[in-house]
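Raw contents of run-v6.tsv, TSV, C-alpha atoms:
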```tsv
chain	number	residue	atom	x	y	z
A	1	MET	CA	26.65	-24.70	9.34
A	2	LYS	CA	24.24	-22.86	7.10
A	3	LYS	CA	25.42	-22.10	3.57
A	4	PRO	CA	25.85	-18.31	3.06
A	5	ILE	CA	23.63	-16.43	0.65
A	6	LYS	CA	25.39	-15.43	-2.56
A	7	ALA	CA	24.79	-12.05	-4.12
A	8	GLY	CA	26.68	-9.08	-5.51
A	9	ASP	CA	26.52	-5.48	-6.70
A	10	ASN	CA	25.60	-6.62	-10.22
A	11	GLU	CA	22.75	-8.81	-9.01
A	12	LYS	CA	19.42	-7.73	-10.49
A	13	ILE	CA	16.63	-7.17	-7.97
A	14	VAL	CA	13.05	-7.87	-9.00
A	15	ILE	CA	9.51	-7.43	-7.70
A	16	THR	CA	7.61	-10.72	-7.50
A	17	GLY	CA	4.60	-9.79	-5.37
A	18	LEU	CA	2.48	-6.82	-4.38
A	19	GLY	CA	-0.11	-6.36	-1.65
A	20	VAL	CA	-2.25	-3.22	-1.64
A	21	VAL	CA	-4.76	-1.96	0.92
A	22	SER	CA	-6.12	1.39	-0.24
A	23	SER	CA	-9.19	3.58	-0.38
A	24	ILE	CA	-9.78	2.63	-4.03
A	25	GLY	CA	-9.29	-1.09	-3.68
A	26	ILE	CA	-7.88	-3.93	-1.62
A	27	GLY	CA	-5.65	-6.32	-3.52
A	28	ARG	CA	-3.41	-5.72	-6.52
A	29	GLU	CA	-6.05	-6.19	-9.22
A	30	ALA	CA	-8.75	-4.13	-7.49
A	31	PHE	CA	-6.31	-1.27	-6.94
A	32	TRP	CA	-5.10	-1.28	-10.53
A	33	LYS	CA	-8.61	-1.44	-11.98
A	34	ALA	CA	-9.68	1.59	-9.96
A	35	LEU	CA	-6.47	3.47	-10.72
A	36	LYS	CA	-6.69	3.08	-14.48
A	37	ASN	CA	-10.42	3.93	-14.42
A	38	GLY	CA	-9.72	7.13	-12.48
A	39	ASP	CA	-11.92	6.12	-9.55
A	40	SER	CA	-11.57	8.34	-6.50
A	41	GLY	CA	-11.34	7.00	-2.96
A	42	ILE	CA	-11.61	10.47	-1.47
A	43	LYS	CA	-14.83	10.74	0.54
A	44	PRO	CA	-16.13	12.40	3.73
A	45	VAL	CA	-14.22	11.27	6.82
A	46	SER	CA	-16.11	8.84	9.06
A	47	LEU	CA	-13.39	7.73	11.49
A	48	PHE	CA	-13.59	10.90	13.57
A	49	ASP	CA	-15.48	14.18	13.90
A	50	THR	CA	-14.54	16.98	11.45
A	51	THR	CA	-17.23	19.51	12.39
A	52	GLN	CA	-14.65	21.91	13.85
A	53	VAL	CA	-12.49	22.09	10.71
A	54	LYS	CA	-13.10	23.11	7.10
A	55	SER	CA	-11.37	20.02	5.69
A	56	LYS	CA	-13.89	17.17	5.59
A	57	LEU	CA	-12.47	14.70	3.05
A	58	ALA	CA	-9.84	11.96	3.05
A	59	GLY	CA	-8.78	8.82	1.23
A	60	GLU	CA	-10.22	6.70	4.04
A	61	ILE	CA	-10.57	2.93	3.65
A	62	LYS	CA	-14.26	2.44	4.29
A	63	ASP	CA	-15.59	-0.71	5.99
A	64	PHE	CA	-12.07	-2.04	6.57
A	65	ALA	CA	-12.44	-5.68	7.67
A	66	PRO	CA	-8.97	-7.16	8.36
A	67	GLU	CA	-10.44	-10.41	9.67
A	68	GLU	CA	-11.55	-11.23	6.11
A	69	ILE	CA	-7.89	-11.34	5.07
A	70	LEU	CA	-6.11	-12.37	8.27
A	71	GLY	CA	-8.75	-14.41	10.06
A	72	PRO	CA	-10.30	-13.45	13.42
A	73	LYS	CA	-7.48	-14.50	15.74
A	74	GLY	CA	-4.80	-12.20	17.19
A	75	LEU	CA	-6.30	-8.88	16.08
A	76	ARG	CA	-7.96	-7.61	19.25
A	77	ASN	CA	-5.03	-5.61	20.66
A	78	LEU	CA	-3.60	-4.42	17.32
A	79	ASP	CA	-4.15	-0.85	16.15
A	80	ARG	CA	-5.36	0.23	12.71
A	81	THR	CA	-1.84	0.79	11.35
A	82	THR	CA	-0.77	-2.74	12.24
A	83	ARG	CA	-3.92	-4.30	10.84
A	84	LEU	CA	-3.44	-2.39	7.59
A	85	VAL	CA	0.16	-3.50	7.19
A	86	LEU	CA	-0.52	-7.13	8.12
A	87	CYS	CA	-3.19	-7.27	5.42
A	88	GLY	CA	-0.78	-5.75	2.89
A	89	ALA	CA	1.93	-8.24	3.83
A	90	LYS	CA	-0.43	-11.22	3.58
A	91	LEU	CA	-1.66	-10.12	0.17
A	92	ALA	CA	1.91	-9.58	-1.05
A	93	LEU	CA	3.04	-13.04	0.06
A	94	GLU	CA	0.03	-14.60	-1.64
A	95	ASP	CA	0.55	-12.56	-4.80
A	96	ALA	CA	4.16	-13.73	-5.02
A	97	SER	CA	3.21	-17.35	-4.15
A	98	PHE	CA	5.95	-17.08	-1.54
A	99	ASN	CA	5.77	-19.39	1.46
A	100	VAL	CA	7.75	-18.65	4.62
A	101	THR	CA	8.98	-22.03	5.87
A	102	ASP	CA	11.25	-23.40	8.58
A	103	GLU	CA	13.94	-23.73	5.94
A	104	ASN	CA	13.86	-20.15	4.58
A	105	GLN	CA	12.49	-18.05	7.47
A	106	SER	CA	15.95	-16.75	8.48
A	107	ASP	CA	16.62	-15.61	4.91
A	108	VAL	CA	13.50	-13.42	4.73
A	109	GLY	CA	13.59	-9.80	5.94
A	110	VAL	CA	11.18	-6.93	6.55
A	111	VAL	CA	11.80	-3.22	5.96
A	112	LEU	CA	8.86	-0.89	6.46
A	113	GLY	CA	8.47	2.83	5.91
A	114	SER	CA	6.35	4.40	8.65
A	115	THR	CA	6.62	7.75	10.40
A	116	MET	CA	3.27	8.55	11.99
A	117	GLY	CA	1.91	5.03	12.34
A	118	SER	CA	2.01	5.07	16.14
A	119	ILE	CA	0.66	8.57	16.80
A	120	TRP	CA	-2.92	7.50	17.43
A	121	SER	CA	-1.83	4.69	19.74
A	122	ILE	CA	0.57	6.92	21.67
A	123	SER	CA	-2.07	9.61	22.05
A	124	GLU	CA	-4.81	7.26	23.20
A	125	PHE	CA	-2.53	5.34	25.59
A	126	ASP	CA	-1.22	8.56	27.16
A	127	LYS	CA	-4.72	10.01	27.39
A	128	ILE	CA	-5.92	7.10	29.51
A	129	ALA	CA	-2.70	7.02	31.54
A	130	LEU	CA	-3.01	10.70	32.42
A	131	ARG	CA	-6.73	10.53	33.22
A	132	GLU	CA	-6.89	7.22	35.06
A	133	GLY	CA	-3.33	6.49	36.10
A	134	GLN	CA	-1.39	3.28	35.62
A	135	LYS	CA	-4.31	1.10	36.72
A	136	GLY	CA	-6.42	2.36	33.83
A	137	VAL	CA	-4.12	1.42	30.95
A	138	ASN	CA	-4.13	-1.89	29.10
A	139	PRO	CA	-0.51	-3.16	29.00
A	140	ALA	CA	-1.34	-5.22	25.90
A	141	GLU	CA	-1.88	-1.99	23.98
A	142	PHE	CA	1.47	-0.49	24.94
A	143	GLN	CA	3.18	-2.39	22.10
A	144	ASN	CA	1.28	-0.24	19.59
A	145	THR	CA	2.99	2.92	20.85
A	146	VAL	CA	6.40	1.80	19.56
A	147	ILE	CA	7.21	3.00	16.05
A	148	ASN	CA	8.71	-0.32	14.94
A	149	SER	CA	5.73	-2.33	16.20
A	150	PRO	CA	3.96	-2.66	12.80
A	151	ALA	CA	7.09	-4.04	11.12
A	152	SER	CA	7.72	-6.36	14.05
A	153	GLN	CA	4.18	-7.67	13.90
A	154	ILE	CA	4.74	-8.69	10.24
A	155	SER	CA	7.60	-10.94	11.31
A	156	ILE	CA	5.66	-12.29	14.28
A	157	ARG	CA	2.54	-13.02	12.25
A	158	PHE	CA	4.27	-14.75	9.34
A	159	GLY	CA	7.16	-16.45	11.15
A	160	ILE	CA	9.91	-14.32	9.57
A	161	ARG	CA	13.25	-14.52	11.40
A	162	GLY	CA	15.55	-12.43	9.21
A	163	PHE	CA	16.29	-8.74	9.77
A	164	ASN	CA	13.43	-6.38	10.69
A	165	THR	CA	13.80	-2.63	10.14
A	166	THR	CA	11.61	0.46	10.24
A	167	ILE	CA	12.56	3.47	8.10
A	168	SER	CA	11.18	6.76	9.40
A	169	SER	CA	12.24	9.49	6.98
A	170	GLY	CA	8.92	11.26	6.53
A	171	PHE	CA	7.24	11.39	3.13
A	172	SER	CA	9.96	9.31	1.46
A	173	SER	CA	9.98	6.51	4.07
A	174	SER	CA	8.58	3.71	1.91
A	175	LEU	CA	10.74	4.57	-1.10
A	176	ASP	CA	13.76	4.69	1.21
A	177	ALA	CA	12.70	1.26	2.47
A	178	PHE	CA	13.08	0.03	-1.12
A	179	GLY	CA	16.62	1.40	-1.29
A	180	TYR	CA	17.47	-0.28	2.01
A	181	ALA	CA	16.01	-3.60	0.85
A	182	VAL	CA	17.90	-3.54	-2.44
A	183	ASN	CA	21.19	-2.97	-0.60
A	184	PHE	CA	20.50	-5.88	1.75
A	185	LEU	CA	19.68	-8.22	-1.12
A	186	LYS	CA	22.82	-7.23	-3.02
A	187	ALA	CA	24.88	-7.67	0.12
A	188	GLY	CA	23.60	-11.22	0.45
A	189	ARG	CA	21.91	-10.56	3.80
A	190	ALA	CA	18.53	-11.91	2.66
A	191	LYS	CA	16.97	-13.93	-0.13
A	192	ALA	CA	13.55	-12.24	-0.02
A	193	ILE	CA	12.36	-9.01	1.58
A	194	LEU	CA	8.95	-7.55	2.32
A	195	ALA	CA	9.37	-3.82	1.68
A	196	GLY	CA	6.86	-0.98	1.58
A	197	GLY	CA	4.99	1.46	3.74
A	198	VAL	CA	1.94	2.10	5.88
A	199	GLU	CA	0.04	5.06	7.28
A	200	GLU	CA	-3.32	5.22	9.01
A	201	LEU	CA	-5.81	8.05	8.94
A	202	CYS	CA	-6.30	9.39	12.46
A	203	GLU	CA	-7.65	12.54	14.04
A	204	GLN	CA	-4.33	13.61	15.54
A	205	THR	CA	-2.35	13.72	12.28
A	206	PHE	CA	-5.30	15.01	10.25
A	207	LYS	CA	-5.86	18.00	12.51
A	208	GLY	CA	-2.14	18.57	12.90
A	209	PHE	CA	-1.68	18.95	9.15
A	210	TYR	CA	-4.85	21.05	9.03
A	211	LYS	CA	-3.42	23.44	11.61
A	212	LEU	CA	-0.25	23.75	9.54
A	213	GLY	CA	-2.35	24.81	6.52
A	214	PHE	CA	-1.20	21.76	4.55
A	215	LEU	CA	-4.66	20.34	3.81
A	216	SER	CA	-7.03	21.46	1.09
A	217	ALA	CA	-9.62	23.98	2.35
A	218	SER	CA	-7.60	24.69	5.50
A	219	ARG	CA	-6.55	28.17	4.42
A	220	ASN	CA	-9.44	29.54	2.41
A	221	GLY	CA	-12.94	28.86	1.19
A	222	LYS	CA	-12.01	27.20	-2.08
A	223	GLU	CA	-13.30	23.79	-3.08
A	224	GLU	CA	-11.79	20.90	-1.14
A	225	ILE	CA	-10.18	18.82	-3.87
A	226	SER	CA	-7.06	16.85	-4.72
A	227	ALA	CA	-6.07	18.30	-8.09
A	228	PRO	CA	-2.31	17.88	-8.70
A	229	PHE	CA	-0.79	20.26	-11.25
A	230	ASP	CA	-4.13	22.03	-11.70
A	231	LYS	CA	-4.52	25.76	-11.17
A	232	GLN	CA	-7.44	25.17	-8.78
A	233	ARG	CA	-5.37	23.15	-6.28
A	234	ASN	CA	-5.19	24.53	-2.76
A	235	GLY	CA	-3.67	21.82	-0.60
A	236	ALA	CA	-3.36	18.09	-0.04
A	237	ILE	CA	-6.05	15.65	1.07
A	238	SER	CA	-5.02	13.00	3.60
A	239	GLY	CA	-5.08	9.32	2.71
A	240	GLU	CA	-4.23	6.02	4.31
A	241	GLY	CA	-3.29	2.46	3.49
A	242	SER	CA	-0.49	-0.04	3.17
A	243	CYS	CA	1.47	-1.17	0.15
A	244	ILE	CA	3.92	-4.05	0.49
A	245	PHE	CA	6.22	-5.59	-2.14
A	246	ILE	CA	8.12	-8.87	-2.26
A	247	LEU	CA	11.67	-8.25	-3.51
A	248	GLU	CA	14.09	-11.00	-4.53
A	249	THR	CA	17.19	-11.41	-6.66
A	250	LEU	CA	16.44	-12.35	-10.25
A	251	GLU	CA	18.27	-15.66	-9.82
A	252	ASP	CA	16.24	-16.69	-6.78
A	253	ALA	CA	12.99	-15.60	-8.40
A	254	LYS	CA	13.73	-17.68	-11.50
A	255	ASN	CA	14.78	-20.67	-9.44
A	256	ARG	CA	11.39	-20.84	-7.76
A	257	GLY	CA	9.50	-20.08	-10.99
A	258	ALA	CA	8.18	-16.74	-9.78
A	259	ARG	CA	6.32	-14.25	-11.96
A	260	ILE	CA	8.42	-11.11	-12.32
A	261	LEU	CA	6.42	-7.88	-12.19
A	262	ALA	CA	9.28	-5.40	-12.57
A	263	ASN	CA	13.02	-4.88	-12.13
A	264	VAL	CA	14.39	-2.43	-9.56
A	265	GLU	CA	17.06	-0.58	-11.52
A	266	GLY	CA	18.25	2.35	-9.42
A	267	PHE	CA	17.69	4.44	-6.31
A	268	GLY	CA	18.80	7.88	-5.15
A	269	SER	CA	18.13	10.20	-2.24
A	270	SER	CA	19.19	13.61	-0.98
A	271	PHE	CA	18.46	15.89	1.95
A	272	ASP	CA	17.66	19.58	1.53
A	273	SER	CA	18.79	21.31	4.71
A	274	LYS	CA	18.20	24.79	3.29
A	275	ASN	CA	14.48	24.35	2.71
A	276	TYR	CA	13.50	22.26	5.72
A	277	ARG	CA	9.74	22.63	6.48
A	278	LYS	CA	9.02	24.00	3.02
A	279	TYR	CA	9.30	22.78	-0.56
A	280	ASP	CA	12.37	23.65	-2.59
A	281	LEU	CA	10.87	25.69	-5.40
A	282	LYS	CA	13.98	25.26	-7.51
A	283	GLY	CA	13.65	21.47	-7.32
A	284	GLU	CA	17.40	21.07	-6.83
A	285	SER	CA	17.37	18.48	-4.04
A	286	LEU	CA	14.90	16.14	-5.77
A	287	ALA	CA	16.81	16.61	-9.02
A	288	ARG	CA	19.95	15.36	-7.25
A	289	ALA	CA	18.06	12.29	-6.03
A	290	ILE	CA	16.80	11.62	-9.56
A	291	GLY	CA	20.34	12.02	-10.92
A	292	ARG	CA	21.65	9.45	-8.45
A	293	ALA	CA	18.89	7.03	-9.40
A	294	LEU	CA	19.83	7.40	-13.06
A	295	ILE	CA	23.51	6.81	-12.32
A	296	THR	CA	22.92	3.68	-10.22
A	297	SER	CA	20.52	2.30	-12.82
A	298	GLY	CA	22.72	2.97	-15.84
A	299	ILE	CA	19.59	4.19	-17.65
A	300	LYS	CA	19.74	7.41	-19.65
A	301	SER	CA	17.32	10.22	-18.91
A	302	GLU	CA	15.89	10.06	-22.43
A	303	ASP	CA	14.93	6.42	-21.84
A	304	ILE	CA	12.50	7.25	-19.01
A	305	ASP	CA	9.03	6.68	-20.45
A	306	TYR	CA	6.86	7.77	-17.52
A	307	VAL	CA	7.06	9.48	-14.13
A	308	ALA	CA	4.94	8.24	-11.22
A	309	SER	CA	4.85	11.55	-9.43
A	310	SER	CA	4.37	12.44	-5.76
A	311	ALA	CA	2.49	15.63	-6.64
A	312	ASN	CA	-0.07	16.08	-3.87
A	313	SER	CA	-2.02	19.18	-4.91
A	314	THR	CA	-0.07	21.62	-2.72
A	315	LEU	CA	0.75	24.94	-4.36
A	316	ASP	CA	4.54	24.73	-4.02
A	317	GLY	CA	4.97	20.96	-3.90
A	318	ASP	CA	3.75	20.37	-7.45
A	319	VAL	CA	5.91	23.21	-8.77
A	320	SER	CA	8.96	21.87	-6.96
A	321	GLU	CA	8.51	18.44	-8.47
A	322	TYR	CA	7.91	19.76	-11.99
A	323	ARG	CA	11.11	21.80	-11.87
A	324	ALA	CA	13.10	18.85	-10.49
A	325	ILE	CA	11.91	16.60	-13.32
A	326	ILE	CA	12.82	19.19	-15.95
A	327	LYS	CA	16.20	19.82	-14.34
A	328	ALA	CA	17.08	16.12	-14.03
A	329	LEU	CA	15.58	14.73	-17.25
A	330	GLY	CA	15.83	17.77	-19.50
A	331	ALA	CA	12.43	17.01	-21.00
A	332	THR	CA	9.12	18.85	-20.85
A	333	ASN	CA	6.80	16.39	-22.58
A	334	ILE	CA	7.42	13.19	-20.60
A	335	PRO	CA	4.15	11.70	-19.32
A	336	VAL	CA	3.60	12.32	-15.61
A	337	SER	CA	0.68	11.34	-13.41
A	338	ALA	CA	-0.23	11.63	-9.74
A	339	SER	CA	-2.10	8.79	-8.04
A	340	LYS	CA	-2.69	11.08	-5.06
A	341	SER	CA	-5.47	12.70	-7.05
A	342	MET	CA	-7.38	9.47	-6.30
A	343	ILE	CA	-6.05	8.19	-2.96
A	344	GLY	CA	-4.79	11.36	-1.29
A	345	GLU	CA	-1.49	12.01	0.46
A	346	THR	CA	-0.55	8.82	2.31
A	347	PHE	CA	2.67	10.34	3.68
A	348	SER	CA	5.14	7.54	4.58
A	349	ALA	CA	3.30	5.05	2.33
A	350	SER	CA	3.09	7.36	-0.68
A	351	GLY	CA	6.27	6.23	-2.42
A	352	ALA	CA	5.14	2.61	-2.25
A	353	PHE	CA	1.76	3.46	-3.75
A	354	GLN	CA	3.52	5.30	-6.57
A	355	ALA	CA	5.74	2.26	-7.08
A	356	ALA	CA	2.56	0.18	-7.36
A	357	ALA	CA	1.25	2.53	-10.07
A	358	ALA	CA	4.62	2.29	-11.82
A	359	THR	CA	4.58	-1.51	-11.65
A	360	PHE	CA	1.15	-1.65	-13.23
A	361	SER	CA	2.16	0.72	-16.01
A	362	LEU	CA	5.02	-1.66	-16.83
A	363	THR	CA	2.93	-4.84	-16.79
A	364	GLU	CA	-0.11	-3.39	-18.57
A	365	ASN	CA	1.42	-0.67	-20.81
A	366	ILE	CA	-1.19	1.74	-19.49
A	367	LEU	CA	-0.45	5.08	-17.83
A	368	PRO	CA	-2.94	5.94	-15.06
A	369	PRO	CA	-4.48	9.40	-15.13
A	370	THR	CA	-4.33	12.46	-12.92
A	371	ILE	CA	-8.00	13.11	-12.17
A	372	ASN	CA	-9.68	16.44	-11.33
A	373	PHE	CA	-7.53	18.18	-13.91
A	374	LYS	CA	-9.30	21.14	-15.55
A	375	THR	CA	-7.04	24.16	-15.87
A	376	PRO	CA	-3.28	23.94	-16.51
A	377	ASP	CA	-1.00	25.92	-14.19
A	378	ARG	CA	1.72	27.78	-16.09
A	379	ARG	CA	4.04	27.24	-13.10
A	380	CYS	CA	4.00	23.47	-13.62
A	381	PRO	CA	2.82	22.68	-17.18
A	382	VAL	CA	3.43	18.93	-17.12
A	383	ASN	CA	2.03	16.33	-19.49
A	384	CYS	CA	-0.09	15.00	-16.63
A	385	ILE	CA	-2.29	12.43	-18.47
A	386	PRO	CA	-5.47	14.31	-17.55
A	387	ASN	CA	-8.54	12.42	-16.31
A	388	LYS	CA	-8.28	9.38	-18.59
A	389	ALA	CA	-5.71	6.57	-18.73
A	390	GLU	CA	-3.45	6.38	-21.76
A	391	GLY	CA	-2.17	3.26	-23.51
A	392	ARG	CA	1.54	3.44	-24.22
A	393	ALA	CA	4.56	1.13	-24.40
A	394	VAL	CA	6.50	1.51	-21.14
A	395	ARG	CA	10.03	0.24	-20.49
A	396	ASN	CA	11.39	2.43	-17.68
A	397	VAL	CA	9.53	4.38	-15.01
A	398	LEU	CA	10.83	7.03	-12.63
A	399	ILE	CA	9.22	7.32	-9.19
A	400	THR	CA	9.75	10.57	-7.29
A	401	VAL	CA	9.08	11.73	-3.75
A	402	ALA	CA	9.36	15.46	-3.11
A	403	SER	CA	9.16	16.41	0.55
A	404	PRO	CA	8.61	19.64	2.53
A	405	THR	CA	10.69	18.12	5.35
A	406	GLY	CA	13.99	17.90	3.49
A	407	GLN	CA	14.20	14.25	2.44
A	408	ASN	CA	13.77	13.58	-1.30
A	409	SER	CA	14.04	10.21	-3.03
A	410	ALA	CA	13.76	8.65	-6.47
A	411	MET	CA	13.66	5.13	-7.85
A	412	ILE	CA	13.63	3.61	-11.33
A	413	LEU	CA	11.75	0.43	-12.28
A	414	SER	CA	11.93	-1.36	-15.61
A	415	LYS	CA	9.84	-3.97	-17.35
A	416	GLY	CA	10.31	-7.46	-15.95
A	417	GLU	CA	11.78	-10.27	-18.00
A	418	ARG	CA	8.61	-12.36	-17.70
A	419	GLN	CA	5.05	-11.18	-17.36
```
Target encoding structure tokens, full file:
Amino acid sequence: MKKPIKAGDNEKIVITGLGVVSSIGIGREAFWKALKNGDSGIKPVSLFDTTQVKSKLAGEIKDFAPEEILGPKGLRNLDRTTRLVLCGAKLALEDASFNVTDENQSDVGVVLGSTMGSIWSISEFDKIALREGQKGVNPAEFQNTVINSPASQISIRFGIRGFNTTISSGFSSSLDAFGYAVNFLKAGRAKAILAGGVEELCEQTFKGFYKLGFLSASRNGKEEISAPFDKQRNGAISGEGSCIFILETLEDAKNRGARILANVEGFGSSFDSKNYRKYDLKGESLARAIGRALITSGIKSEDIDYVASSANSTLDGDVSEYRAIIKALGATNIPVSASKSMIGETFSASGAFQAAAATFSLTENILPPTINFKTPDRRCPVNCIPNKAEGRAVRNVLITVASPTGQNSAMILSKGERQ
């Protein structure tokens, strides 16, 4: 009989690996270099035609070549979302020097945040089915229409036999996946977990958000730009990518001699039923999530050194987040920056990308900038680290996800014991 995994509520959970596939870089080091240099991945869309809409830009991953990471086999019937997440998972496993073996495969789990990852596949499959009937569809492509398919493909590809879960809670999905993973590790239900998020750029979601007036340039003739906290902002710019972490208990990580990138200290979430489909301008719901993260971490608000913000350049979203931070932390001068100024709004994957920025700030003692910042907005006058990275000692970082769909989440990371 297999020996049970030992863990407990006081067990410290750590990050030992990180795989990033983004519009500003593929791989942990490439992503961090671009982020701290303020390089933008927002360019004209090439995946589909945008001539009928005013929004033309996105954080699209240009010349994406998954075969260079995964090899040429087994990719033909996989959609873009699945290819993105498999690349992120492979890079994370390599970064952590973690090998899935016959001995440990049942102790490894997967929890992935993804909400819209199957929309393109569903749309294309149904389009052919309706036009050509059942004889026209490729049954091998049906698997891509299931929302948990990308997470399942991670386990299939890498021989993982532990639990496999997909979290679909909208904008906060990947951060919620972290919370889920931490609970499983502390409950002793896994020894290592691949956790993170994925979202692909596709015509269906792009034009859906455009129609809702969510995207920059969709409502007026102003410049199309991702400028969080800036007075010139006029909407979000879509992005895509995958960001996967390897999480383990501190004891297990030390036992295998792993490099520890950061500690996961606390997590909190809340749902705002009163402001569903719009941002809570008072910031109360996100403030509750931040408060819960502080309580579970045991870290005081005055000990937060940096906020990796989810500000996405929407008029009300940035204000909501600013007010939540002030309400929860009681501070107006804490450094805040928004990576979405460079990679765009990656929706379900956004919390994971912010966690990546937070991890790098802890390992490098550098705060990445918010680019495109020119004119402060008196409605959200944050210390946003404008346009240029800032060197600063960092011990504890708060990650926030403010959502117009009700779900708000927060997580706190701290500096790892070994760098």
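The interatomic distance for the pair atom CA of A:Ser337 and atom CA of A:Glu203 works out to 28.7 Å.
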Within 12 Å of A:Ile385, counting only C-alpha atoms, which residues qualify if same-chain residues fewer than 4 places away don't, as a ChimeraX atom specification?
-> /A:36,38,228-230,306-309,333-339,341,366-374,376,381,389-392
Please save C-alpha atoms of the selected residues as an mmCIF file, in the frame of the given file.
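That gives us again.cif:
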```cif
data_model
loop_
_atom_site.group_PDB
_atom_site.id
_atom_site.type_symbol
_atom_site.label_atom_id
_atom_site.label_comp_id
_atom_site.auth_asym_id
_atom_site.auth_seq_id
_atom_site.Cartn_x
_atom_site.Cartn_y
_atom_site.Cartn_z
ATOM 1 C CA LYS A 36 -6.690 3.080 -14.480
ATOM 2 C CA GLY A 38 -9.720 7.130 -12.480
ATOM 3 C CA PRO A 228 -2.310 17.880 -8.700
ATOM 4 C CA PHE A 229 -0.790 20.260 -11.250
ATOM 5 C CA ASP A 230 -4.130 22.030 -11.700
ATOM 6 C CA TYR A 306 6.860 7.770 -17.520
ATOM 7 C CA VAL A 307 7.060 9.480 -14.130
ATOM 8 C CA ALA A 308 4.940 8.240 -11.220
ATOM 9 C CA SER A 309 4.850 11.550 -9.430
ATOM 10 C CA ASN A 333 6.800 16.390 -22.580
ATOM 11 C CA ILE A 334 7.420 13.190 -20.600
ATOM 12 C CA PRO A 335 4.150 11.700 -19.320
ATOM 13 C CA VAL A 336 3.600 12.320 -15.610
ATOM 14 C CA SER A 337 0.680 11.340 -13.410
ATOM 15 C CA ALA A 338 -0.230 11.630 -9.740
ATOM 16 C CA SER A 339 -2.100 8.790 -8.040
ATOM 17 C CA SER A 341 -5.470 12.700 -7.050
ATOM 18 C CA ILE A 366 -1.190 1.740 -19.490
ATOM 19 C CA LEU A 367 -0.450 5.080 -17.830
ATOM 20 C CA PRO A 368 -2.940 5.940 -15.060
ATOM 21 C CA PRO A 369 -4.480 9.400 -15.130
ATOM 22 C CA THR A 370 -4.330 12.460 -12.920
ATOM 23 C CA ILE A 371 -8.000 13.110 -12.170
ATOM 24 C CA ASN A 372 -9.680 16.440 -11.330
ATOM 25 C CA PHE A 373 -7.530 18.180 -13.910
ATOM 26 C CA LYS A 374 -9.300 21.140 -15.550
ATOM 27 C CA PRO A 376 -3.280 23.940 -16.510
ATOM 28 C CA PRO A 381 2.820 22.680 -17.180
ATOM 29 C CA ALA A 389 -5.710 6.570 -18.730
ATOM 30 C CA GLU A 390 -3.450 6.380 -21.760
ATOM 31 C CA GLY A 391 -2.170 3.260 -23.510
ATOM 32 C CA ARG A 392 1.540 3.440 -24.220
#
```
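Picture a line from atom CA of A:Ile237 to atom CA of A:Asp272; it runs 24.0 Å.
The point (24.3, 2.3, -9.6) has these residues within 12 Å of it, counting all atoms listed in the file: Asp9, Asn10, Glu11, Lys12, Gly179, Val182, Asn183, Lys186, Val264, Glu265, Gly266, Phe267, Gly268, Ile290, Gly291, Arg292, Ala293, Leu294, Ile295, Thr296, Ser297, Gly298, Ile299, Met411 and Ile412 of chain A.
The closest residue to A:Ile147, picked from A:Gln354, A:Thr205, A:Ser414, A:Thr166 and counting all atoms listed in the file, is A:Thr166.
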Which residue gives the smallest distance to A:Ser121 among A:Leu201, A:Ala192, A:Ile156, A:Ala96, with all atoms listed in the file counted?
->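 Going through A:Leu201, A:Ala192, A:Ile156, A:Ala96 one by one, the smallest distance to A:Ser121 is for A:Leu201.
Ranking A:Ala227, A:Leu175, A:Leu247, A:Leu413 by their shortest atom-to-atom distance to A:Leu93, with only C-alpha atoms included, puts A:Leu247 first.
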When you draw a straight line from atom CA of A:Gly344 to atom CA of A:Gln232, how long is it in Å?
->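 Straight-line distance from atom CA of A:Gly344 to atom CA of A:Gln232 works out to 15.9 Å.
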